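A.B. asks: Contents of query03.json (JSON, C-alpha atoms) are given next:
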```
[["chain", "number", "residue", "atom", "x", "y", "z"],
["T", 1011, "MET", "CA", 93.26, 90.45, 74.04],
["T", 1012, "PRO", "CA", 90.13, 88.46, 74.97],
["T", 1013, "SER", "CA", 88.03, 89.46, 77.98],
["T", 1014, "PRO", "CA", 88.65, 87.57, 81.24],
["T", 1015, "GLN", "CA", 86.33, 84.75, 82.29],
["T", 1016, "GLN", "CA", 83.11, 86.03, 83.90],
["T", 1017, "PRO", "CA", 82.55, 87.66, 86.20],
["T", 1018, "PHE", "CA", 84.81, 90.46, 85.12],
["T", 1019, "GLY", "CA", 84.83, 94.24, 85.31],
["T", 1020, "THR", "CA", 85.77, 97.06, 82.96],
["T", 1021, "VAL", "CA", 87.20, 100.31, 84.36],
["T", 1022, "VAL", "CA", 84.86, 103.11, 83.23],
["T", 1023, "SER", "CA", 86.43, 106.05, 85.08],
["T", 1024, "ALA", "CA", 88.26, 108.35, 82.65],
["T", 1025, "ASN", "CA", 91.00, 108.79, 85.26],
["T", 1026, "GLY", "CA", 91.35, 105.07, 85.98],
["T", 1027, "VAL", "CA", 90.95, 103.65, 89.46],
["T", 1028, "ASN", "CA", 93.09, 102.88, 92.50],
["T", 1029, "LEU", "CA", 93.52, 99.35, 93.83],
["T", 1030, "ARG", "CA", 93.38, 99.10, 97.62],
["T", 1031, "ARG", "CA", 94.31, 96.49, 100.23],
["T", 1032, "TYR", "CA", 90.90, 96.91, 101.93],
["T", 1033, "PRO", "CA", 87.57, 98.27, 100.56],
["T", 1034, "SER", "CA", 88.06, 101.85, 101.77],
["T", 1035, "THR", "CA", 89.75, 105.03, 100.57],
["T", 1036, "ASP", "CA", 91.52, 105.03, 103.97],
["T", 1037, "SER", "CA", 93.39, 101.90, 102.85],
["T", 1038, "ALA", "CA", 96.75, 102.27, 101.12],
["T", 1039, "VAL", "CA", 96.84, 102.36, 97.31],
["T", 1040, "SER", "CA", 98.56, 99.21, 96.04],
["T", 1041, "GLY", "CA", 98.29, 99.91, 92.32],
["T", 1042, "THR", "CA", 96.13, 101.49, 89.64],
["T", 1043, "LEU", "CA", 94.16, 100.46, 86.58],
["T", 1044, "THR", "CA", 93.63, 102.62, 83.51],
["T", 1045, "HIS", "CA", 90.36, 103.41, 81.74],
["T", 1046, "GLY", "CA", 89.17, 100.40, 79.75],
["T", 1047, "ALA", "CA", 91.19, 97.82, 81.72],
["T", 1048, "GLU", "CA", 89.37, 94.49, 82.15],
["T", 1049, "ILE", "CA", 89.81, 92.60, 85.42],
["T", 1050, "GLY", "CA", 88.57, 89.29, 86.78],
["T", 1051, "LEU", "CA", 86.31, 89.69, 89.83],
["T", 1052, "MET", "CA", 86.18, 87.15, 92.68],
["T", 1053, "SER", "CA", 83.56, 88.62, 95.03],
["T", 1054, "LYS", "CA", 81.97, 91.82, 96.29],
["T", 1055, "VAL", "CA", 81.21, 93.40, 99.67],
["T", 1056, "HIS", "CA", 79.24, 96.38, 100.91],
["T", 1057, "ALA", "CA", 81.74, 98.83, 102.42],
["T", 1058, "GLN", "CA", 82.58, 102.54, 102.09],
["T", 1059, "ASP", "CA", 80.08, 104.44, 99.95],
["T", 1060, "ILE", "CA", 81.66, 106.15, 96.93],
["T", 1061, "ASP", "CA", 79.30, 108.61, 95.20],
["T", 1062, "GLY", "CA", 76.22, 106.56, 96.15],
["T", 1063, "ASN", "CA", 77.73, 103.11, 95.47],
["T", 1064, "SER", "CA", 78.78, 101.00, 98.49],
["T", 1065, "ILE", "CA", 79.96, 97.93, 96.54],
["T", 1066, "TRP", "CA", 83.65, 97.02, 96.30],
["T", 1067, "TYR", "CA", 85.04, 94.18, 94.17],
["T", 1068, "LEU", "CA", 87.86, 91.81, 95.13],
["T", 1069, "LEU", "CA", 90.06, 91.02, 92.14],
["T", 1070, "ARG", "CA", 90.48, 87.39, 91.17],
["T", 1071, "ASP", "CA", 94.23, 87.48, 90.48],
["T", 1072, "ARG", "CA", 95.46, 89.42, 93.53],
["T", 1073, "PRO", "CA", 94.18, 90.39, 97.00],
["T", 1074, "VAL", "CA", 93.15, 93.98, 96.25],
["T", 1075, "TRP", "CA", 89.84, 95.83, 96.09],
["T", 1076, "VAL", "CA", 88.37, 98.31, 93.62],
["T", 1077, "SER", "CA", 85.31, 100.53, 94.07],
["T", 1078, "ALA", "CA", 82.36, 99.44, 91.92],
["T", 1079, "ARG", "CA", 81.65, 103.14, 91.35],
["T", 1080, "HIS", "CA", 84.43, 103.09, 88.75],
["T", 1081, "VAL", "CA", 83.90, 99.60, 87.29],
["T", 1082, "ASP", "CA", 81.10, 98.08, 85.17],
["T", 1083, "ASN", "CA", 80.73, 94.38, 85.83],
["T", 1084, "THR", "CA", 79.78, 91.57, 83.44],
["T", 1085, "GLY", "CA", 78.36, 88.40, 84.97],
["T", 1086, "GLN", "CA", 77.20, 87.61, 88.51],
["T", 1087, "VAL", "CA", 79.69, 88.61, 91.21],
["T", 1088, "PRO", "CA", 79.08, 86.65, 94.44],
["T", 1089, "LEU", "CA", 78.47, 88.63, 97.63],
["T", 1090, "SER", "CA", 80.95, 87.95, 100.44],
["T", 1091, "LYS", "CA", 80.76, 88.85, 104.12],
["T", 1092, "ASP", "CA", 84.53, 88.78, 104.55],
["T", 1093, "VAL", "CA", 86.98, 91.43, 103.35],
["T", 1094, "GLU", "CA", 89.96, 89.12, 103.82],
["T", 1095, "PRO", "CA", 90.65, 87.14, 100.64],
["T", 1096, "PRO", "CA", 90.85, 83.37, 101.04],
["T", 1097, "HIS", "CA", 94.36, 82.06, 101.61],
["T", 1098, "PRO", "CA", 95.46, 79.20, 99.34],
["T", 1099, "GLU", "CA", 96.00, 75.84, 101.02],
["T", 1100, "GLY", "CA", 99.58, 74.85, 101.22]]
```
Transcribe the structure of this file into structure tokens.
C.D. replies:
Amino acid sequence: MPSPQQPFGTVVSANGVNLRRYPSTDSAVSGTLTHGAEIGLMSKVHAQDIDGNSIWYLLRDRPVWVSARHVDNTGQVPLSKDVEPPHPEG
């Protein structure tokens, strides 16, 4: 399977990573990704610090967040000031 369009991330945590509704471990888990999974990244914010890394990524294909502590990114991920994903017009 080819890698997603940049920017994208690759899960590097051996245990995988939780997907969360908001960029915090206090937020409910809404899914998981396994080690090696590649995901499209929409934007990033500075939020809860996880082991010295305060960046969280918003996924491109669904409104969930993943801690950058467990993901290596490829390409430039734009910084956002808003944790709410944009709502499609319609």
A.B. asks: Using only C-alpha atoms, which residues sit within 8 Å of Leu1029 of chain T once same-chain residues fewer than 2 positions away are excluded, as a ChimeraX atom specification?
C.D. replies: /T:1027,1031,1039-1043,1074-1076
A.B. asks: Between atom CA of Pro1033 of chain T and atom CA of Thr1084 of chain T, what is the distance, to one decimal in Å?
C.D. replies: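 One can read the atom CA of Pro1033 of chain T to atom CA of Thr1084 of chain T distance as 20.0 Å.
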A.B. asks: Env of Ile1060 of chain T: 9 Å cut, atoms = only C-alpha atoms, seq-sep filter 5 positions within chain, self excluded. Answer as a list of chain:residue names.
C.D. replies: T:Thr1035, T:Ile1065, T:Ser1077, T:Ala1078, T:Arg1079
A.B. asks: Pick the closest to Val1021 of chain T from T:Lys1091, T:Arg1070, T:His1045, T:His1056: which is it, counting all atoms listed in the file?
C.D. replies: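 Result for the nearest residue to Val1021 of chain T: T:His1045.
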A.B. asks: Using only C-alpha atoms, determine which residues lie at most 10 Å from Ser1013 of chain T, disregarding the query and same-chain residues fewer than 4 positions distant; provide the list as an mmCIF file with C-alpha atoms, in the coordinates of the input.
C.D. replies:
```cif
data_model
loop_
_atom_site.group_PDB
_atom_site.id
_atom_site.type_symbol
_atom_site.label_atom_id
_atom_site.label_comp_id
_atom_site.auth_asym_id
_atom_site.auth_seq_id
_atom_site.Cartn_x
_atom_site.Cartn_y
_atom_site.Cartn_z
ATOM 1 C CA PHE T 1018 84.810 90.460 85.120
ATOM 2 C CA GLY T 1019 84.830 94.240 85.310
ATOM 3 C CA THR T 1020 85.770 97.060 82.960
ATOM 4 C CA ALA T 1047 91.190 97.820 81.720
ATOM 5 C CA GLU T 1048 89.370 94.490 82.150
ATOM 6 C CA ILE T 1049 89.810 92.600 85.420
ATOM 7 C CA GLY T 1050 88.570 89.290 86.780
#
```
A.B. asks: Just how far from atom CA of Ser1034 of chain T is atom CA of Asp1082 of chain T, in Å to one decimal?
C.D. replies: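 Computing it gives 18.4 Å between the two atoms.
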A.B. asks: Which residue is closest to Pro1088 of chain T? Choose from T:Ser1053, T:Gln1015, T:Gln1058, T:Asn1025 and count only C-alpha atoms.
C.D. replies: T:Ser1053
A.B. asks: Provide the atom CA of Asp1036 of chain T to atom CA of Val1087 of chain T distance in Å, to one decimal place.
C.D. replies: 23.9 Å
A.B. asks: Nearest residue to Val1022 of chain T out of T:Thr1044, T:Gln1086, T:Asn1063, T:Ser1037, using only C-alpha atoms?
C.D. replies: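 Comparing T:Thr1044, T:Gln1086, T:Asn1063, T:Ser1037 against Val1022 of chain T, the winner is T:Thr1044.
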A.B. asks: Could you tell me which of T:Tyr1067, T:Val1055, T:Pro1017, T:Pro1012 comes closest to Val1081 of chain T if we count all atoms listed in the file?
C.D. replies: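 That would be T:Tyr1067, the residue with the smallest distance to Val1081 of chain T.
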A.B. asks: Point out the residue among T:Gln1016, T:Tyr1032, T:Asn1083, T:Gly1026 with the least atom-to-atom distance to Ala1057 of chain T, counting all atoms listed in the file.
C.D. replies: T:Tyr1032
